[in-house]
file input-v8.txt (compact mmCIF, N, CA and C atoms)
# COMPACT_ATOMS: atom_id res chain seq x y z
N MET A 265 36.44 3.29 33.13
CA MET A 265 35.60 3.59 31.98
C MET A 265 36.19 2.91 30.75
N ILE A 266 35.36 2.26 30.00
CA ILE A 266 35.79 1.62 28.75
C ILE A 266 35.63 2.64 27.62
N THR A 267 36.63 2.70 26.79
CA THR A 267 36.59 3.60 25.65
C THR A 267 36.23 2.80 24.41
N GLY A 268 35.27 3.26 23.65
CA GLY A 268 34.89 2.59 22.41
C GLY A 268 36.00 2.67 21.38
N ILE A 269 35.93 1.78 20.40
CA ILE A 269 36.97 1.77 19.37
C ILE A 269 36.52 2.60 18.17
N ASP A 270 37.49 3.11 17.47
CA ASP A 270 37.27 3.83 16.23
C ASP A 270 38.10 3.13 15.17
N ALA A 271 37.47 2.27 14.38
CA ALA A 271 38.19 1.47 13.38
C ALA A 271 38.77 2.33 12.26
N LYS A 272 38.39 3.60 12.21
CA LYS A 272 38.93 4.50 11.18
C LYS A 272 40.19 5.21 11.66
N GLN A 273 40.41 5.22 12.97
CA GLN A 273 41.61 5.87 13.52
C GLN A 273 42.81 4.96 13.24
N THR A 274 43.92 5.56 12.83
CA THR A 274 45.10 4.76 12.52
C THR A 274 46.24 5.03 13.50
N VAL A 275 47.10 4.05 13.57
CA VAL A 275 48.32 4.12 14.37
C VAL A 275 49.47 3.92 13.40
N ASP A 276 50.51 4.72 13.53
CA ASP A 276 51.70 4.55 12.70
C ASP A 276 52.56 3.43 13.28
N PHE A 277 53.02 2.54 12.43
CA PHE A 277 53.88 1.44 12.86
C PHE A 277 55.11 1.38 11.97
N ILE A 278 56.27 1.30 12.60
CA ILE A 278 57.54 1.14 11.89
C ILE A 278 58.15 -0.17 12.34
N SER A 279 58.48 -1.01 11.40
CA SER A 279 59.05 -2.31 11.69
C SER A 279 60.41 -2.20 12.36
N THR A 280 60.69 -3.11 13.28
CA THR A 280 62.01 -3.18 13.90
C THR A 280 63.05 -3.66 12.88
N HIS A 281 62.60 -4.23 11.78
CA HIS A 281 63.50 -4.73 10.75
C HIS A 281 63.84 -3.67 9.69
N ASP A 282 63.21 -2.52 9.78
CA ASP A 282 63.44 -1.46 8.80
C ASP A 282 64.68 -0.68 9.19
N LYS A 283 65.76 -0.95 8.49
CA LYS A 283 67.05 -0.29 8.79
C LYS A 283 67.37 0.83 7.81
N SER A 284 66.50 1.06 6.84
CA SER A 284 66.76 2.07 5.81
C SER A 284 66.14 3.41 6.19
N GLU A 285 66.50 4.41 5.44
CA GLU A 285 65.90 5.75 5.59
C GLU A 285 65.38 6.18 4.24
N PRO A 286 64.25 6.77 4.11
CA PRO A 286 63.31 7.00 5.20
C PRO A 286 62.61 5.70 5.60
N LYS A 287 62.16 5.64 6.82
CA LYS A 287 61.47 4.46 7.33
C LYS A 287 60.12 4.31 6.63
N THR A 288 59.71 3.07 6.43
CA THR A 288 58.38 2.80 5.91
C THR A 288 57.41 2.89 7.08
N ILE A 289 56.35 3.65 6.89
CA ILE A 289 55.35 3.84 7.94
C ILE A 289 54.07 3.13 7.50
N TRP A 290 53.70 2.13 8.26
CA TRP A 290 52.49 1.36 8.01
C TRP A 290 51.37 1.96 8.84
N LYS A 291 50.25 2.29 8.20
CA LYS A 291 49.09 2.87 8.88
C LYS A 291 48.12 1.73 9.19
N ILE A 292 47.96 1.42 10.48
CA ILE A 292 47.10 0.31 10.87
C ILE A 292 45.99 0.78 11.80
N SER A 293 44.92 0.03 11.84
CA SER A 293 43.81 0.34 12.72
C SER A 293 43.49 -0.89 13.57
N VAL A 294 42.55 -0.73 14.48
CA VAL A 294 42.11 -1.86 15.31
C VAL A 294 41.10 -2.70 14.53
N LEU A 295 40.95 -3.93 14.98
CA LEU A 295 39.97 -4.83 14.37
C LEU A 295 38.57 -4.46 14.83
N ASP A 296 37.61 -4.55 13.92
CA ASP A 296 36.22 -4.40 14.34
C ASP A 296 35.81 -5.71 15.02
N TYR A 297 34.65 -5.74 15.65
CA TYR A 297 34.26 -6.89 16.47
C TYR A 297 34.12 -8.18 15.66
N ARG A 298 33.59 -8.11 14.45
CA ARG A 298 33.44 -9.33 13.64
C ARG A 298 34.80 -9.91 13.27
N SER A 299 35.70 -9.06 12.83
CA SER A 299 37.04 -9.51 12.45
C SER A 299 37.80 -10.04 13.65
N PHE A 300 37.65 -9.37 14.80
CA PHE A 300 38.33 -9.81 16.01
C PHE A 300 37.87 -11.22 16.39
N LEU A 301 36.57 -11.47 16.35
CA LEU A 301 36.04 -12.79 16.69
C LEU A 301 36.48 -13.84 15.68
N LYS A 302 36.47 -13.49 14.40
CA LYS A 302 36.89 -14.41 13.34
C LYS A 302 38.36 -14.79 13.52
N ILE A 303 39.20 -13.80 13.80
CA ILE A 303 40.63 -14.05 13.99
C ILE A 303 40.87 -14.86 15.26
N GLY A 304 40.11 -14.56 16.30
CA GLY A 304 40.22 -15.35 17.53
C GLY A 304 39.88 -16.81 17.29
N GLU A 305 38.87 -17.06 16.50
CA GLU A 305 38.49 -18.43 16.15
C GLU A 305 39.61 -19.12 15.36
N MET A 306 40.21 -18.40 14.43
CA MET A 306 41.33 -18.96 13.66
C MET A 306 42.49 -19.32 14.58
N THR A 307 42.79 -18.43 15.52
CA THR A 307 43.90 -18.66 16.45
C THR A 307 43.62 -19.89 17.31
N ASN A 308 42.39 -20.03 17.76
CA ASN A 308 42.02 -21.20 18.58
C ASN A 308 42.17 -22.51 17.81
N LYS A 309 42.05 -22.44 16.50
CA LYS A 309 42.20 -23.63 15.65
C LYS A 309 43.64 -23.79 15.15
N ASN A 310 44.57 -23.02 15.72
CA ASN A 310 45.98 -23.04 15.30
C ASN A 310 46.16 -22.67 13.83
N GLU A 311 45.31 -21.78 13.34
CA GLU A 311 45.44 -21.25 11.98
C GLU A 311 46.08 -19.87 12.06
N ASN A 312 47.24 -19.81 12.72
CA ASN A 312 47.88 -18.52 12.99
C ASN A 312 48.27 -17.77 11.73
N GLN A 313 48.72 -18.49 10.70
CA GLN A 313 49.10 -17.81 9.45
C GLN A 313 47.90 -17.11 8.84
N ASN A 314 46.76 -17.80 8.81
CA ASN A 314 45.55 -17.21 8.26
C ASN A 314 45.06 -16.04 9.11
N ALA A 315 45.24 -16.14 10.42
CA ALA A 315 44.83 -15.07 11.32
C ALA A 315 45.65 -13.81 11.06
N ILE A 316 46.96 -13.97 10.85
CA ILE A 316 47.83 -12.83 10.57
C ILE A 316 47.42 -12.16 9.27
N ILE A 317 47.22 -12.96 8.25
CA ILE A 317 46.82 -12.42 6.94
C ILE A 317 45.49 -11.69 7.05
N GLU A 318 44.54 -12.29 7.74
CA GLU A 318 43.22 -11.68 7.91
C GLU A 318 43.32 -10.34 8.65
N ALA A 319 44.14 -10.30 9.70
CA ALA A 319 44.30 -9.06 10.47
C ALA A 319 44.86 -7.95 9.60
N VAL A 320 45.89 -8.25 8.83
CA VAL A 320 46.52 -7.22 7.99
C VAL A 320 45.57 -6.80 6.88
N LYS A 321 44.89 -7.75 6.24
CA LYS A 321 43.96 -7.39 5.16
C LYS A 321 42.85 -6.48 5.66
N ASN A 322 42.43 -6.67 6.90
CA ASN A 322 41.35 -5.88 7.47
C ASN A 322 41.79 -4.54 8.04
N CYS A 323 43.03 -4.43 8.49
CA CYS A 323 43.42 -3.26 9.29
C CYS A 323 44.52 -2.40 8.70
N LEU A 324 45.13 -2.82 7.60
CA LEU A 324 46.12 -1.94 6.98
C LEU A 324 45.36 -0.87 6.22
N ARG A 325 45.61 0.39 6.56
CA ARG A 325 44.86 1.50 5.97
C ARG A 325 45.69 2.34 5.00
N GLY A 326 47.00 2.10 4.99
CA GLY A 326 47.87 2.85 4.10
C GLY A 326 49.32 2.60 4.45
N VAL A 327 50.20 3.12 3.62
CA VAL A 327 51.63 2.96 3.85
C VAL A 327 52.37 4.14 3.21
N GLU A 328 53.41 4.61 3.89
CA GLU A 328 54.24 5.69 3.37
C GLU A 328 55.67 5.17 3.19
N ASN A 329 56.34 5.68 2.17
CA ASN A 329 57.74 5.31 1.90
C ASN A 329 57.89 3.83 1.58
N TYR A 330 57.02 3.34 0.75
CA TYR A 330 57.04 1.93 0.34
C TYR A 330 57.07 1.93 -1.18
N SER A 331 58.21 1.63 -1.74
CA SER A 331 58.38 1.80 -3.18
C SER A 331 58.02 0.57 -4.01
N THR A 332 57.72 -0.55 -3.35
CA THR A 332 57.47 -1.78 -4.09
C THR A 332 56.19 -1.73 -4.92
N ALA A 333 55.12 -1.23 -4.33
CA ALA A 333 53.83 -1.21 -5.03
C ALA A 333 52.93 -0.15 -4.40
N PRO A 334 52.03 0.39 -5.17
CA PRO A 334 51.08 1.34 -4.58
C PRO A 334 50.08 0.60 -3.69
N PHE A 335 49.68 1.24 -2.61
CA PHE A 335 48.69 0.66 -1.70
C PHE A 335 47.34 0.65 -2.38
N THR A 336 46.68 -0.50 -2.41
CA THR A 336 45.36 -0.59 -3.04
C THR A 336 44.43 -1.46 -2.19
N LEU A 337 43.17 -1.09 -2.26
CA LEU A 337 42.12 -1.88 -1.63
C LEU A 337 41.36 -2.63 -2.72
N GLY A 338 40.88 -3.81 -2.37
CA GLY A 338 40.06 -4.56 -3.29
C GLY A 338 38.63 -4.05 -3.26
N ALA A 339 37.78 -4.60 -4.11
CA ALA A 339 36.37 -4.21 -4.18
C ALA A 339 35.66 -4.46 -2.85
N ASP A 340 36.15 -5.41 -2.07
CA ASP A 340 35.55 -5.74 -0.78
C ASP A 340 35.98 -4.81 0.35
N GLY A 341 36.85 -3.84 0.03
CA GLY A 341 37.31 -2.88 1.03
C GLY A 341 38.52 -3.37 1.82
N LEU A 342 38.99 -4.56 1.51
CA LEU A 342 40.17 -5.11 2.17
C LEU A 342 41.40 -4.84 1.32
N VAL A 343 42.57 -4.94 1.93
CA VAL A 343 43.81 -4.76 1.19
C VAL A 343 43.84 -5.77 0.05
N SER A 344 44.19 -5.31 -1.14
CA SER A 344 44.17 -6.17 -2.32
C SER A 344 45.21 -7.29 -2.20
N GLU A 345 44.90 -8.41 -2.80
CA GLU A 345 45.81 -9.56 -2.80
C GLU A 345 47.13 -9.19 -3.48
N ASP A 346 47.06 -8.39 -4.54
CA ASP A 346 48.28 -7.97 -5.23
C ASP A 346 49.21 -7.21 -4.29
N PHE A 347 48.65 -6.32 -3.47
CA PHE A 347 49.48 -5.58 -2.53
C PHE A 347 49.99 -6.50 -1.42
N MET A 348 49.13 -7.37 -0.91
CA MET A 348 49.54 -8.29 0.16
C MET A 348 50.75 -9.11 -0.26
N LYS A 349 50.80 -9.51 -1.51
CA LYS A 349 51.91 -10.33 -2.00
C LYS A 349 53.25 -9.59 -1.98
N THR A 350 53.23 -8.27 -1.89
CA THR A 350 54.47 -7.50 -1.88
C THR A 350 55.06 -7.33 -0.48
N ILE A 351 54.29 -7.63 0.55
CA ILE A 351 54.75 -7.42 1.92
C ILE A 351 55.65 -8.59 2.34
N PRO A 352 56.88 -8.32 2.74
CA PRO A 352 57.76 -9.40 3.19
C PRO A 352 57.13 -10.15 4.38
N PRO A 353 57.25 -11.47 4.42
CA PRO A 353 56.62 -12.26 5.49
C PRO A 353 56.97 -11.80 6.90
N ILE A 354 58.21 -11.44 7.16
CA ILE A 354 58.60 -11.01 8.50
C ILE A 354 57.85 -9.72 8.89
N ILE A 355 57.59 -8.86 7.93
CA ILE A 355 56.84 -7.62 8.19
C ILE A 355 55.36 -7.96 8.40
N LEU A 356 54.85 -8.88 7.62
CA LEU A 356 53.46 -9.32 7.76
C LEU A 356 53.20 -9.85 9.17
N ILE A 357 54.13 -10.63 9.67
CA ILE A 357 54.00 -11.19 11.02
C ILE A 357 54.00 -10.07 12.06
N GLU A 358 54.92 -9.13 11.90
CA GLU A 358 54.99 -7.99 12.82
C GLU A 358 53.71 -7.16 12.79
N LEU A 359 53.22 -6.88 11.59
CA LEU A 359 51.99 -6.11 11.46
C LEU A 359 50.81 -6.82 12.12
N GLY A 360 50.69 -8.11 11.87
CA GLY A 360 49.60 -8.89 12.47
C GLY A 360 49.65 -8.86 13.99
N ALA A 361 50.85 -9.02 14.55
CA ALA A 361 51.02 -9.00 16.00
C ALA A 361 50.66 -7.63 16.58
N LYS A 362 51.08 -6.57 15.90
CA LYS A 362 50.78 -5.22 16.38
C LYS A 362 49.28 -4.93 16.31
N ILE A 363 48.64 -5.38 15.25
CA ILE A 363 47.19 -5.18 15.11
C ILE A 363 46.46 -5.89 16.25
N MET A 364 46.85 -7.13 16.56
CA MET A 364 46.22 -7.85 17.66
C MET A 364 46.47 -7.14 18.99
N ASP A 365 47.67 -6.62 19.16
CA ASP A 365 48.01 -5.91 20.40
C ASP A 365 47.14 -4.67 20.59
N ILE A 366 47.01 -3.86 19.56
CA ILE A 366 46.22 -2.63 19.72
C ILE A 366 44.72 -2.89 19.74
N SER A 367 44.31 -4.09 19.35
CA SER A 367 42.89 -4.45 19.32
C SER A 367 42.42 -5.13 20.61
N THR A 368 43.33 -5.32 21.56
CA THR A 368 43.03 -6.04 22.79
C THR A 368 43.05 -5.08 23.97
N LEU A 369 42.10 -5.26 24.89
CA LEU A 369 42.08 -4.44 26.10
C LEU A 369 43.35 -4.66 26.90
N LYS A 370 43.92 -3.60 27.42
CA LYS A 370 45.11 -3.67 28.25
C LYS A 370 44.70 -3.95 29.70
N ASP A 371 45.63 -4.39 30.54
CA ASP A 371 45.33 -4.71 31.94
C ASP A 371 44.62 -3.57 32.65
N GLU A 372 45.10 -2.35 32.44
CA GLU A 372 44.49 -1.19 33.10
C GLU A 372 43.05 -1.00 32.67
N GLU A 373 42.76 -1.22 31.39
CA GLU A 373 41.39 -1.09 30.90
C GLU A 373 40.50 -2.19 31.47
N ILE A 374 41.07 -3.40 31.62
CA ILE A 374 40.30 -4.52 32.18
C ILE A 374 39.96 -4.25 33.64
N LYS A 375 40.93 -3.72 34.42
CA LYS A 375 40.70 -3.42 35.83
C LYS A 375 39.59 -2.37 36.00
N ASN A 376 39.50 -1.45 35.06
CA ASN A 376 38.53 -0.37 35.16
C ASN A 376 37.15 -0.76 34.66
N SER A 377 37.02 -1.95 34.08
CA SER A 377 35.71 -2.32 33.53
C SER A 377 34.89 -3.15 34.48
call {"tool": "encode", "arguments": {"input": "input-v8.txt", "output": "structure tokens"}}
result
Amino acid sequence: MITGIDAKQTVDFISTHDKSEPKTIWKISVLDYRSFLKIGEMTNKNENQNAIIEAVKNCLRGVENYSTAPFTLGADGLVSEDFMKTIPPIILIELGAKIMDISTLKDEEIKNS
């Protein structure tokens, strides 16, 4: 049985690079179908940096224990550019990879479909 996605449901993510206490908790969600297809197209064109940025802008829903800047969304409902600029690149890459991972069917789900 295939389970539908809920783009409003979040998953807590803690970076492997976060060595401080308290840990920063990034609230991420899965990609909706339009964003998933758009990011897939970017990846096929070797635009991996843009794909990572797009994934995070679309799926970051909040953050806890992050003192650099308050979490804000732009008028378009995506993470604001001002907030994106505060995320260290290594964390951005990790977030993008995790978003793609949770947005993709796993082997067990594929076998059952």
call {"tool": "closest_residue", "arguments": {"input": "input-v8.txt", "among": "A:Pro353, A:Phe347, A:Gly360, A:Tyr330", "to": "Glu318 of chain A", "atoms": "all atoms listed in the file"}}
result
A:Gly360
call {"tool": "closest_residue", "arguments": {"input": "input-v8.txt", "among": "A:Val275, A:Met348, A:Leu356, A:Leu337", "to": "Ile289 of chain A", "atoms": "only N, CA and C atoms"}}
result
A:Val275
call {"tool": "atom_distance", "arguments": {"input": "input-v8.txt", "atom1": "atom C of Leu301 of chain A", "atom2": "atom C of Ala315 of chain A"}}
result
10.3 Å
call {"tool": "residues_around", "arguments": {"input": "input-v8.txt", "residues": "Pro286 of chain A", "least_positions_apart": "4", "cutoff": "12 Å", "atoms": "only C-alpha atoms", "output": "ChimeraX atom specification"}}
result
/A:278,282,328-331
call {"tool": "residues_around", "arguments": {"input": "input-v8.txt", "residues": "Ile363 of chain A", "least_positions_apart": "4", "cutoff": "8 Å", "atoms": "all atoms listed in the file", "output": "ChimeraX atom specification"}}
result
/A:292-295,319-320,323,357-359,367-368
call {"tool": "select_by_dssp", "arguments": {"input": "input-v8.txt", "residues": "chain A", "states": "helix (DSSP H, G or I)", "output": "ChimeraX atom specification"}}
result
/A:297-308,312-323,345-348,353-366,371-375
call {"tool": "atom_distance", "arguments": {"input": "input-v8.txt", "atom1": "atom N of Gln273 of chain A", "atom2": "atom CA of Glu311 of chain A"}}
result
27.0 Å
